Amino acid sequence: MFEKNTILPFTSSWFFLYMLGTILLFWFVKFVGAKKIKFSWLVAFTSLLYLVLLFPKPLQFIGILIYYYLVYYLFGRKLKYTKLLLPVILLALPMIFMKVIGILPENLGEKGAGHMAATIFQIAGLSYLTFKVIQFYIDEKDKGYRISILNFFNFTSFVPTLLIGPIDRYNRFTTNVENGFEQMNLSSFSNGFDGFLKGILYKFIIGEAIRRLILSHLVDDGSLIYHLAYMYTYLMYLFFDFAGYCLLAIGFGNFIGIDVPYNFDEPFLAVNPKEFWKKWHKTLGDWLNDYFFKPIFKELTTKQVFKSIQRQNIALFLTFTLMGFWNGITVYYVASGMLFGLYSVIHNYYFYLCQKNKRDVVFGTMNPKLIRLISIFIMFNATAFAIYIFSGKLI
Amino acid sequence: MNWKKLIRNTLIYFLLIMGYIFIYIIDVESYFYKKQDVESKSKVNFIYQQF
(Lines give C-alpha, C1' and ligand atoms only; values in the text may rest on other atoms or scores of the structure.)
Protein backbone atom coordinates (compact mmCIF):
# COMPACT_ATOMS: atom_id res chain seq x y z
CA MET A 1 0.00 0.00 0.00
CA PHE A 2 1.36 3.41 -0.94
CA GLU A 3 1.88 5.80 1.93
CA LYS A 4 3.03 9.27 0.97
CA ASN A 5 6.35 10.52 2.37
CA THR A 6 7.47 7.31 4.04
CA ILE A 7 9.80 5.87 1.43
CA LEU A 8 13.57 6.00 1.70
CA PRO A 9 15.74 5.31 -1.37
CA PHE A 10 16.05 1.63 -2.36
CA THR A 11 13.88 0.41 0.51
CA SER A 12 10.50 -0.09 -1.16
CA SER A 13 9.02 -1.21 -4.47
CA TRP A 14 7.52 2.30 -4.76
CA PHE A 15 11.01 3.69 -4.87
CA PHE A 16 11.96 1.30 -7.65
CA LEU A 17 8.84 2.39 -9.54
CA TYR A 18 9.94 6.01 -9.12
CA MET A 19 13.41 5.02 -10.32
CA LEU A 20 12.01 3.33 -13.43
CA GLY A 21 9.86 6.37 -14.20
CA THR A 22 12.87 8.68 -13.79
CA ILE A 23 15.07 6.60 -16.09
CA LEU A 24 12.34 6.42 -18.76
CA LEU A 25 11.76 10.18 -18.48
CA PHE A 26 15.48 10.98 -18.91
CA TRP A 27 15.79 8.74 -21.98
CA PHE A 28 12.55 10.03 -23.45
CA VAL A 29 13.70 13.64 -23.08
CA LYS A 30 17.15 12.77 -24.49
CA PHE A 31 15.58 11.56 -27.74
CA VAL A 32 12.57 13.87 -27.96
CA GLY A 33 13.22 17.14 -26.17
CA ALA A 34 16.91 17.47 -25.30
CA LYS A 35 17.12 20.84 -27.06
CA LYS A 36 14.19 22.29 -25.17
CA ILE A 37 14.74 20.89 -21.70
CA LYS A 38 18.02 21.35 -19.86
CA PHE A 39 19.51 18.28 -18.17
CA SER A 40 20.02 20.14 -14.90
CA TRP A 41 16.34 21.12 -14.77
CA LEU A 42 15.35 17.53 -15.33
CA VAL A 43 17.61 16.40 -12.46
CA ALA A 44 16.01 19.07 -10.24
CA PHE A 45 12.49 18.13 -11.29
CA THR A 46 12.91 14.42 -10.59
CA SER A 47 14.63 15.10 -7.25
CA LEU A 48 11.86 17.48 -6.21
CA LEU A 49 9.26 14.93 -7.25
CA TYR A 50 10.88 12.34 -5.01
CA LEU A 51 11.17 14.74 -2.09
CA VAL A 52 7.56 15.89 -2.33
CA LEU A 53 5.94 12.49 -2.93
CA LEU A 54 8.11 9.88 -1.24
CA PHE A 55 10.79 11.24 1.10
CA PRO A 56 9.88 11.52 4.80
CA LYS A 57 9.72 15.09 6.14
CA PRO A 58 10.11 16.93 2.81
CA LEU A 59 9.38 20.38 4.29
CA GLN A 60 12.03 19.97 6.96
CA PHE A 61 14.52 18.76 4.37
CA ILE A 62 13.88 21.73 2.10
CA GLY A 63 14.01 24.03 5.14
CA ILE A 64 17.44 22.66 6.05
CA LEU A 65 18.60 23.16 2.43
CA ILE A 66 17.47 26.80 2.57
CA TYR A 67 19.38 27.22 5.83
CA TYR A 68 22.54 25.75 4.28
CA TYR A 69 22.25 27.98 1.23
CA LEU A 70 21.72 31.05 3.42
CA VAL A 71 24.89 30.25 5.40
CA TYR A 72 26.76 29.77 2.12
CA TYR A 73 25.33 32.95 0.59
CA LEU A 74 25.76 35.14 3.66
CA PHE A 75 29.29 34.10 4.70
CA GLY A 76 30.71 33.21 1.31
CA ARG A 77 29.18 35.68 -1.09
CA LYS A 78 27.88 38.65 0.91
CA LEU A 79 30.30 39.02 3.82
CA LYS A 80 33.21 37.41 1.94
CA TYR A 81 34.16 35.86 5.27
CA THR A 82 37.65 34.45 4.85
CA LYS A 83 37.82 32.11 7.84
CA LEU A 84 36.22 28.70 7.63
CA LEU A 85 35.59 27.67 11.21
CA LEU A 86 32.39 29.63 11.93
CA PRO A 87 30.56 28.80 8.67
CA VAL A 88 31.57 25.14 8.97
CA ILE A 89 30.24 25.00 12.55
CA LEU A 90 26.99 26.62 11.38
CA LEU A 91 26.71 24.07 8.57
CA ALA A 92 27.30 21.21 11.01
CA LEU A 93 24.83 22.57 13.58
CA PRO A 94 21.63 20.78 12.35
CA MET A 95 23.50 17.45 12.35
CA ILE A 96 24.86 18.12 15.84
CA PHE A 97 21.30 18.84 17.00
CA MET A 98 20.14 15.59 15.41
CA LYS A 99 22.85 13.58 17.17
CA VAL A 100 22.23 15.27 20.53
CA ILE A 101 18.46 14.74 20.29
CA GLY A 102 19.22 11.07 19.65
CA ILE A 103 20.76 10.68 23.11
CA LEU A 104 18.15 12.61 25.06
CA PRO A 105 15.78 10.59 27.30
CA GLU A 106 12.94 9.11 25.27
CA ASN A 107 10.15 10.78 27.26
CA LEU A 108 11.63 14.20 26.47
CA GLY A 109 10.70 13.68 22.85
CA GLU A 110 6.98 13.19 23.51
CA LYS A 111 5.97 16.78 24.08
CA GLY A 112 7.21 20.31 23.90
CA ALA A 113 10.63 21.52 22.82
CA GLY A 114 12.17 18.04 22.65
CA HIS A 115 9.44 16.83 20.31
CA MET A 116 9.69 19.94 18.14
CA ALA A 117 13.47 19.66 17.87
CA ALA A 118 13.19 15.97 16.92
CA THR A 119 10.56 16.78 14.28
CA ILE A 120 12.80 19.40 12.73
CA PHE A 121 16.23 17.86 12.91
CA GLN A 122 15.77 14.11 12.72
CA ILE A 123 15.87 13.89 8.96
CA ALA A 124 17.09 10.80 7.16
CA GLY A 125 20.37 11.44 5.36
CA LEU A 126 21.21 14.63 7.29
CA SER A 127 24.71 13.41 8.22
CA TYR A 128 25.63 12.76 4.60
CA LEU A 129 24.08 16.05 3.57
CA THR A 130 26.25 17.83 6.14
CA PHE A 131 29.41 16.24 4.73
CA LYS A 132 28.42 17.37 1.26
CA VAL A 133 27.71 20.98 2.21
CA ILE A 134 30.89 21.33 4.28
CA GLN A 135 32.96 20.00 1.38
CA PHE A 136 31.09 22.27 -0.99
CA TYR A 137 31.70 25.37 1.18
CA ILE A 138 35.41 24.68 1.76
CA ASP A 139 36.13 23.87 -1.90
CA GLU A 140 34.32 26.93 -3.16
CA LYS A 141 36.38 29.26 -0.96
CA ASP A 142 38.93 29.94 -3.69
CA LYS A 143 36.34 30.20 -6.44
CA GLY A 144 34.37 33.17 -5.20
CA TYR A 145 31.19 31.39 -4.14
CA ARG A 146 29.28 31.69 -7.39
CA ILE A 147 27.09 28.63 -7.18
CA SER A 148 23.49 28.92 -8.34
CA ILE A 149 20.56 27.68 -6.31
CA LEU A 150 19.81 25.12 -9.04
CA ASN A 151 23.29 23.56 -8.92
CA PHE A 152 23.22 23.64 -5.13
CA PHE A 153 19.86 21.90 -5.05
CA ASN A 154 20.90 19.27 -7.59
CA PHE A 155 24.09 18.43 -5.71
CA THR A 156 22.53 18.23 -2.28
CA SER A 157 19.32 16.47 -3.32
CA PHE A 158 20.55 13.98 -5.88
CA VAL A 159 18.27 11.07 -5.04
CA PRO A 160 20.55 8.00 -5.48
CA THR A 161 23.10 9.33 -2.96
CA LEU A 162 20.66 11.17 -0.72
CA LEU A 163 20.49 8.75 2.17
CA ILE A 164 23.86 7.11 2.82
CA GLY A 165 26.14 8.28 0.06
CA PRO A 166 28.53 7.60 -1.58
CA ILE A 167 29.68 11.12 -0.63
CA ASP A 168 30.17 12.88 -3.94
CA ARG A 169 32.21 16.04 -4.64
CA TYR A 170 30.55 19.16 -5.99
CA ASN A 171 32.95 19.81 -8.89
CA ARG A 172 32.83 16.24 -10.13
CA PHE A 173 29.06 16.06 -9.88
CA THR A 174 28.44 19.42 -11.55
CA THR A 175 30.78 18.67 -14.46
CA ASN A 176 28.81 15.50 -14.96
CA VAL A 177 25.50 17.34 -14.95
CA GLU A 178 26.83 20.03 -17.30
CA ASN A 179 27.76 17.35 -19.83
CA GLY A 180 24.11 16.45 -19.62
CA PHE A 181 22.48 14.18 -22.15
CA GLU A 182 25.82 13.55 -23.92
CA GLN A 183 26.83 11.30 -21.05
CA MET A 184 23.75 9.16 -21.51
CA ASN A 185 24.74 6.42 -23.90
CA LEU A 186 24.67 2.66 -24.26
CA SER A 187 27.87 2.29 -22.25
CA SER A 188 26.54 4.28 -19.26
CA PHE A 189 23.26 2.38 -19.43
CA SER A 190 25.11 -0.94 -19.51
CA ASN A 191 27.24 0.13 -16.52
CA GLY A 192 24.07 1.14 -14.73
CA PHE A 193 22.52 -2.23 -15.38
CA ASP A 194 25.65 -4.02 -14.12
CA GLY A 195 25.78 -1.95 -10.92
CA PHE A 196 22.07 -2.28 -10.35
CA LEU A 197 22.02 -6.08 -10.71
CA LYS A 198 25.05 -6.50 -8.50
CA GLY A 199 23.48 -4.16 -5.95
CA ILE A 200 20.26 -6.19 -5.91
CA LEU A 201 22.30 -9.37 -5.48
CA TYR A 202 24.36 -7.94 -2.63
CA LYS A 203 21.60 -6.18 -0.70
CA PHE A 204 18.44 -8.15 -1.33
CA ILE A 205 19.78 -11.67 -1.85
CA ILE A 206 23.10 -12.20 -0.05
CA GLY A 207 22.64 -9.56 2.68
CA GLU A 208 19.05 -10.58 3.25
CA ALA A 209 19.95 -14.29 3.32
CA ILE A 210 22.63 -13.63 5.96
CA ARG A 211 20.19 -11.61 8.06
CA ARG A 212 17.21 -13.94 7.77
CA LEU A 213 18.98 -17.27 7.94
CA ILE A 214 21.83 -16.60 10.37
CA LEU A 215 21.97 -13.22 12.10
CA SER A 216 18.35 -13.14 13.29
CA HIS A 217 18.59 -16.64 14.73
CA LEU A 218 21.82 -16.47 16.70
CA VAL A 219 20.91 -17.20 20.31
CA ASP A 220 22.72 -15.03 22.82
CA ASP A 221 23.90 -17.52 25.46
CA GLY A 222 26.79 -15.27 26.40
CA SER A 223 29.37 -17.74 25.13
CA LEU A 224 32.48 -16.84 23.17
CA ILE A 225 31.19 -18.87 20.23
CA TYR A 226 28.06 -16.71 20.07
CA HIS A 227 30.05 -13.48 20.16
CA LEU A 228 32.44 -14.69 17.46
CA ALA A 229 29.57 -15.92 15.27
CA TYR A 230 27.75 -12.60 15.66
CA MET A 231 30.91 -10.62 14.96
CA TYR A 232 31.67 -12.27 11.61
CA THR A 233 28.05 -12.60 10.51
CA TYR A 234 27.29 -8.95 11.31
CA LEU A 235 30.38 -7.83 9.39
CA MET A 236 29.29 -9.79 6.33
CA TYR A 237 25.72 -8.57 6.61
CA LEU A 238 26.79 -4.94 6.98
CA PHE A 239 29.13 -5.22 4.02
CA PHE A 240 26.62 -6.80 1.63
CA ASP A 241 23.80 -4.51 2.71
CA PHE A 242 25.82 -1.28 2.56
CA ALA A 243 27.90 -2.15 -0.51
CA GLY A 244 24.68 -3.32 -2.20
CA TYR A 245 23.03 0.00 -1.44
CA CYS A 246 26.01 1.89 -2.89
CA LEU A 247 25.98 -0.27 -6.02
CA LEU A 248 22.28 0.49 -6.47
CA ALA A 249 23.09 4.20 -6.18
CA ILE A 250 25.90 3.85 -8.73
CA GLY A 251 23.57 1.90 -11.03
CA PHE A 252 20.76 4.46 -10.78
CA GLY A 253 23.21 7.29 -11.48
CA ASN A 254 24.71 5.54 -14.50
CA PHE A 255 21.28 4.81 -15.95
CA ILE A 256 20.73 8.57 -16.30
CA GLY A 257 24.33 9.36 -17.28
CA ILE A 258 25.64 10.54 -13.90
CA ASP A 259 28.68 8.83 -12.43
CA VAL A 260 28.56 8.09 -8.73
CA PRO A 261 31.91 7.38 -7.02
CA TYR A 262 32.45 3.80 -5.89
CA ASN A 263 32.54 3.13 -2.17
CA PHE A 264 33.64 -0.49 -1.74
CA ASP A 265 36.42 -2.36 -3.53
CA GLU A 266 37.28 -5.75 -2.01
CA PRO A 267 37.80 -4.28 1.48
CA PHE A 268 38.55 -7.63 3.10
CA LEU A 269 41.74 -7.91 1.05
CA ALA A 270 43.20 -4.76 2.60
CA VAL A 271 46.61 -5.27 4.19
CA ASN A 272 46.59 -2.27 6.51
CA PRO A 273 44.20 0.41 7.84
CA LYS A 274 45.33 2.96 5.27
CA GLU A 275 44.45 0.62 2.42
CA PHE A 276 41.28 -0.45 4.19
CA TRP A 277 39.85 3.08 4.08
CA LYS A 278 40.54 3.19 0.35
CA LYS A 279 38.43 0.07 -0.03
CA TRP A 280 35.72 0.35 2.64
CA HIS A 281 33.43 3.36 2.54
CA LYS A 282 36.06 5.06 0.43
CA THR A 283 34.24 8.35 -0.01
CA LEU A 284 34.00 8.76 3.77
CA GLY A 285 37.70 7.92 4.17
CA ASP A 286 38.59 10.48 1.48
CA TRP A 287 36.34 13.11 3.03
CA LEU A 288 37.83 12.65 6.49
CA ASN A 289 41.32 12.77 5.04
CA ASP A 290 40.74 15.98 3.04
CA TYR A 291 38.56 17.98 5.42
CA PHE A 292 39.64 16.83 8.85
CA PHE A 293 42.97 14.99 8.95
CA LYS A 294 44.88 17.38 6.68
CA PRO A 295 43.65 20.63 8.36
CA ILE A 296 44.46 19.25 11.84
CA PHE A 297 47.88 18.06 10.73
CA LYS A 298 48.53 21.42 9.06
CA GLU A 299 47.47 23.28 12.19
CA LEU A 300 49.72 21.16 14.40
CA THR A 301 52.59 21.61 11.94
CA THR A 302 52.12 25.40 11.85
CA LYS A 303 52.25 25.58 15.65
CA GLN A 304 55.36 23.40 15.67
CA VAL A 305 54.07 21.25 18.50
CA PHE A 306 55.15 17.63 18.78
CA LYS A 307 57.37 15.65 16.42
CA SER A 308 56.12 14.86 12.91
CA ILE A 309 55.17 11.26 13.73
CA GLN A 310 53.30 12.40 16.85
CA ARG A 311 51.44 15.05 14.87
CA GLN A 312 50.39 12.43 12.34
CA ASN A 313 49.22 10.06 15.03
CA ILE A 314 47.26 12.72 16.92
CA ALA A 315 45.58 13.87 13.71
CA LEU A 316 44.78 10.25 12.77
CA PHE A 317 43.31 9.42 16.15
CA LEU A 318 41.21 12.59 16.28
CA THR A 319 39.94 11.98 12.73
CA PHE A 320 38.64 8.51 13.52
CA THR A 321 37.23 9.63 16.85
CA LEU A 322 35.27 12.27 14.95
CA MET A 323 34.05 9.54 12.64
CA GLY A 324 32.76 7.72 15.72
CA PHE A 325 30.88 10.81 16.91
CA TRP A 326 29.52 11.32 13.40
CA ASN A 327 28.02 7.83 13.51
CA GLY A 328 26.21 8.79 16.68
CA ILE A 329 26.82 10.02 20.21
CA THR A 330 26.76 6.58 21.80
CA VAL A 331 29.53 4.67 23.55
CA TYR A 332 29.78 1.93 20.92
CA TYR A 333 29.98 4.24 17.90
CA VAL A 334 32.62 6.43 19.53
CA ALA A 335 34.57 3.41 20.85
CA SER A 336 34.49 1.82 17.39
CA GLY A 337 35.80 5.05 15.82
CA MET A 338 38.56 5.30 18.41
CA LEU A 339 39.51 1.68 17.81
CA PHE A 340 39.84 2.32 14.09
CA GLY A 341 41.95 5.36 15.05
CA LEU A 342 44.14 3.17 17.21
CA TYR A 343 44.65 0.71 14.34
CA SER A 344 45.76 3.55 12.09
CA VAL A 345 48.12 4.94 14.74
CA ILE A 346 49.71 1.50 15.29
CA HIS A 347 50.17 0.97 11.56
CA ASN A 348 51.52 4.48 11.08
CA TYR A 349 54.05 3.98 13.86
CA TYR A 350 55.03 0.58 12.47
CA PHE A 351 55.57 2.16 9.05
CA TYR A 352 57.65 4.93 10.65
CA LEU A 353 59.84 2.40 12.48
CA CYS A 354 60.33 0.38 9.28
CA GLN A 355 61.49 3.50 7.45
CA LYS A 356 63.71 4.59 10.32
CA ASN A 357 65.38 1.19 10.69
CA LYS A 358 65.36 0.48 6.94
CA ARG A 359 63.90 -2.98 7.54
CA ASP A 360 60.59 -4.58 8.42
CA VAL A 361 60.63 -4.41 12.21
CA VAL A 362 57.91 -7.04 12.63
CA PHE A 363 58.21 -9.52 9.78
CA GLY A 364 61.93 -9.17 9.08
CA THR A 365 62.93 -11.06 5.95
CA MET A 366 59.82 -13.22 5.71
CA ASN A 367 58.43 -14.09 2.27
CA PRO A 368 56.43 -11.03 0.99
CA LYS A 369 53.50 -13.24 -0.08
CA LEU A 370 53.28 -14.70 3.40
CA ILE A 371 53.51 -11.22 4.93
CA ARG A 372 50.64 -10.15 2.71
CA LEU A 373 48.50 -13.11 3.77
CA ILE A 374 49.20 -12.53 7.46
CA SER A 375 48.47 -8.80 7.06
CA ILE A 376 45.12 -9.53 5.36
CA PHE A 377 44.24 -11.94 8.15
CA ILE A 378 45.10 -9.42 10.88
CA MET A 379 43.30 -6.56 9.15
CA PHE A 380 40.19 -8.64 8.51
CA ASN A 381 39.89 -9.71 12.13
CA ALA A 382 40.70 -6.25 13.46
CA THR A 383 37.96 -4.84 11.22
CA ALA A 384 35.50 -7.50 12.35
CA PHE A 385 36.17 -6.60 15.97
CA ALA A 386 35.79 -2.84 15.41
CA ILE A 387 32.56 -3.37 13.46
CA TYR A 388 31.37 -5.69 16.23
CA ILE A 389 31.86 -2.83 18.70
CA PHE A 390 30.00 -0.62 16.21
CA SER A 391 27.06 -3.06 16.22
CA GLY A 392 26.45 -2.30 19.89
CA LYS A 393 26.37 -5.97 20.89
CA LEU A 394 29.41 -5.85 23.13
CA ILE A 395 29.05 -2.50 24.89
CA MET B 1 33.76 -12.92 -26.55
CA ASN B 2 34.61 -11.74 -23.06
CA TRP B 3 34.44 -15.04 -21.18
CA LYS B 4 35.20 -13.52 -17.81
CA LYS B 5 32.27 -11.15 -18.10
CA LEU B 6 30.00 -13.90 -19.41
CA ILE B 7 30.82 -16.21 -16.50
CA ARG B 8 30.42 -13.37 -14.00
CA ASN B 9 27.05 -12.31 -15.41
CA THR B 10 25.81 -15.91 -15.57
CA LEU B 11 26.73 -16.34 -11.92
CA ILE B 12 25.02 -13.08 -10.95
CA TYR B 13 21.80 -14.00 -12.80
CA PHE B 14 21.87 -17.53 -11.37
CA LEU B 15 22.29 -16.26 -7.80
CA LEU B 16 19.66 -13.59 -8.31
CA ILE B 17 17.06 -16.03 -9.59
CA MET B 18 17.84 -18.78 -7.08
CA GLY B 19 18.09 -16.29 -4.21
CA TYR B 20 14.77 -14.72 -5.12
CA ILE B 21 13.06 -18.13 -5.32
CA PHE B 22 14.53 -19.45 -2.07
CA ILE B 23 14.25 -16.31 0.06
CA TYR B 24 11.12 -14.61 -1.20
CA ILE B 25 8.95 -17.33 -2.81
CA ILE B 26 9.69 -20.56 -0.95
CA ASP B 27 10.67 -18.62 2.21
CA VAL B 28 13.36 -21.08 3.13
CA GLU B 29 13.72 -19.46 6.56
CA SER B 30 10.40 -20.95 7.71
CA TYR B 31 11.69 -24.44 6.88
CA PHE B 32 14.86 -23.98 8.89
CA TYR B 33 13.33 -22.29 11.90
CA LYS B 34 10.02 -23.23 13.48
CA LYS B 35 9.74 -20.18 15.71
CA GLN B 36 9.27 -16.93 13.89
CA ASP B 37 11.63 -14.85 15.93
CA VAL B 38 12.77 -12.83 12.97
CA GLU B 39 13.67 -9.26 13.77
CA SER B 40 11.01 -6.90 12.53
CA LYS B 41 13.40 -4.77 10.55
CA SER B 42 16.97 -4.62 9.42
CA LYS B 43 19.54 -3.19 11.80
CA VAL B 44 21.06 -1.36 8.91
CA ASN B 45 17.72 0.26 8.12
CA PHE B 46 17.91 1.62 11.63
CA ILE B 47 21.38 2.88 10.90
CA TYR B 48 20.10 4.52 7.71
CA GLN B 49 17.59 6.43 9.80
CA GLN B 50 20.32 7.49 12.14
CA PHE B 51 22.41 8.95 9.31
# chains A, B, ... in the order shown; residues from 1 in each chain; ligands from 1
call {"tool": "interface_residues", "arguments": {"of": "chain A", "to": "chain B", "cutoff": "8 Å", "atoms": "only C-alpha atoms", "output": "list in words"}}
result
Ile123, Ala124, Gly125, Leu126, Ser127, Tyr128, Leu163, Ile164, Leu197, Lys198, Ile200, Leu201, Ile205, Ile206, Ala209, Arg211, Arg212, Leu213, Ser216, His217, Leu238, Asp241, Phe242, Asn327 and Gly328 of chain A
call {"tool": "write_last_selection", "arguments": {"atoms": "N, CA and C atoms", "output": "CSV table (one decimal), in the first residue's frame"}}
result
chain,number,residue,atom,x,y,z
A,123,ILE,N,16.2,14.1,10.4
A,123,ILE,CA,15.9,13.9,9.0
A,123,ILE,C,16.8,12.8,8.4
A,124,ALA,N,16.2,11.9,7.7
A,124,ALA,CA,17.1,10.8,7.2
A,124,ALA,C,18.1,11.4,6.2
A,125,GLY,N,19.3,11.0,6.3
A,125,GLY,CA,20.4,11.4,5.4
A,125,GLY,C,21.0,12.8,5.7
A,126,LEU,N,20.7,13.3,6.9
A,126,LEU,CA,21.2,14.6,7.3
A,126,LEU,C,22.7,14.6,7.5
A,127,SER,N,23.3,13.5,8.0
A,127,SER,CA,24.7,13.4,8.2
A,127,SER,C,25.5,13.5,6.9
A,128,TYR,N,25.0,12.8,5.9
A,128,TYR,CA,25.6,12.8,4.6
A,128,TYR,C,25.5,14.1,3.9
A,163,LEU,N,20.6,9.3,0.8
A,163,LEU,CA,20.5,8.8,2.2
A,163,LEU,C,21.8,8.4,2.8
A,164,ILE,N,22.6,7.5,2.2
A,164,ILE,CA,23.9,7.1,2.8
A,164,ILE,C,25.0,7.1,1.8
A,197,LEU,N,22.2,-4.6,-11.0
A,197,LEU,CA,22.0,-6.1,-10.7
A,197,LEU,C,22.9,-6.6,-9.6
A,198,LYS,N,24.1,-6.1,-9.6
A,198,LYS,CA,25.0,-6.5,-8.5
A,198,LYS,C,24.6,-6.0,-7.1
A,200,ILE,N,21.4,-5.4,-6.3
A,200,ILE,CA,20.3,-6.2,-5.9
A,200,ILE,C,20.8,-7.5,-5.3
A,201,LEU,N,21.7,-8.1,-6.0
A,201,LEU,CA,22.3,-9.4,-5.5
A,201,LEU,C,22.9,-9.2,-4.1
A,205,ILE,N,19.7,-10.2,-1.8
A,205,ILE,CA,19.8,-11.7,-1.9
A,205,ILE,C,20.8,-12.1,-0.8
A,206,ILE,N,22.1,-11.7,-1.0
A,206,ILE,CA,23.1,-12.2,-0.1
A,206,ILE,C,22.9,-11.6,1.3
A,209,ALA,N,19.8,-12.9,2.9
A,209,ALA,CA,19.9,-14.3,3.3
A,209,ALA,C,20.7,-14.4,4.6
A,211,ARG,N,21.0,-12.1,6.9
A,211,ARG,CA,20.2,-11.6,8.1
A,211,ARG,C,19.1,-12.6,8.5
A,212,ARG,N,18.4,-13.1,7.5
A,212,ARG,CA,17.2,-13.9,7.8
A,212,ARG,C,17.6,-15.3,8.3
A,213,LEU,N,18.7,-15.9,7.6
A,213,LEU,CA,19.0,-17.3,7.9
A,213,LEU,C,20.0,-17.4,9.1
A,216,SER,N,19.6,-13.3,12.5
A,216,SER,CA,18.4,-13.1,13.3
A,216,SER,C,18.1,-14.3,14.2
A,217,HIS,N,18.8,-15.4,14.0
A,217,HIS,CA,18.6,-16.6,14.7
A,217,HIS,C,19.7,-17.0,15.7
A,238,LEU,N,26.6,-6.4,7.2
A,238,LEU,CA,26.8,-4.9,7.0
A,238,LEU,C,27.4,-4.6,5.6
A,241,ASP,N,24.9,-5.4,2.7
A,241,ASP,CA,23.8,-4.5,2.7
A,241,ASP,C,24.3,-3.1,2.2
A,242,PHE,N,25.3,-2.6,2.8
A,242,PHE,CA,25.8,-1.3,2.6
A,242,PHE,C,26.4,-1.2,1.1
A,327,ASN,N,28.9,9.0,13.6
A,327,ASN,CA,28.0,7.8,13.5
A,327,ASN,C,26.9,8.0,14.5
A,328,GLY,N,27.2,8.6,15.6
A,328,GLY,CA,26.2,8.8,16.7
A,328,GLY,C,26.9,9.0,18.0
call {"tool": "residues_around", "arguments": {"residues": "Lys141 of chain A", "least_positions_apart": "2", "cutoff": "10 Å", "atoms": "only C-alpha atoms", "output": "VMD selection string"}}
result
chain A and resid 76 to 77 80 to 84 136 to 139 143 to 146
call {"tool": "closest_residue", "arguments": {"among": "A:Ile296, A:Ile374, A:Leu150, A:Ala118", "to": "Pro94 of chain A", "atoms": "only C-alpha atoms"}}
result
A:Ala118
call {"tool": "closest_residue", "arguments": {"among": "A:Leu342, A:Pro87, A:Phe131, A:Ala117", "to": "Lys99 of chain A", "atoms": "only C-alpha atoms"}}
result
A:Ala117
call {"tool": "atom_distance", "arguments": {"atom1": "atom CA of Phe239 of chain A", "atom2": "atom CA of Phe204 of chain A"}}
result
12.3 Å
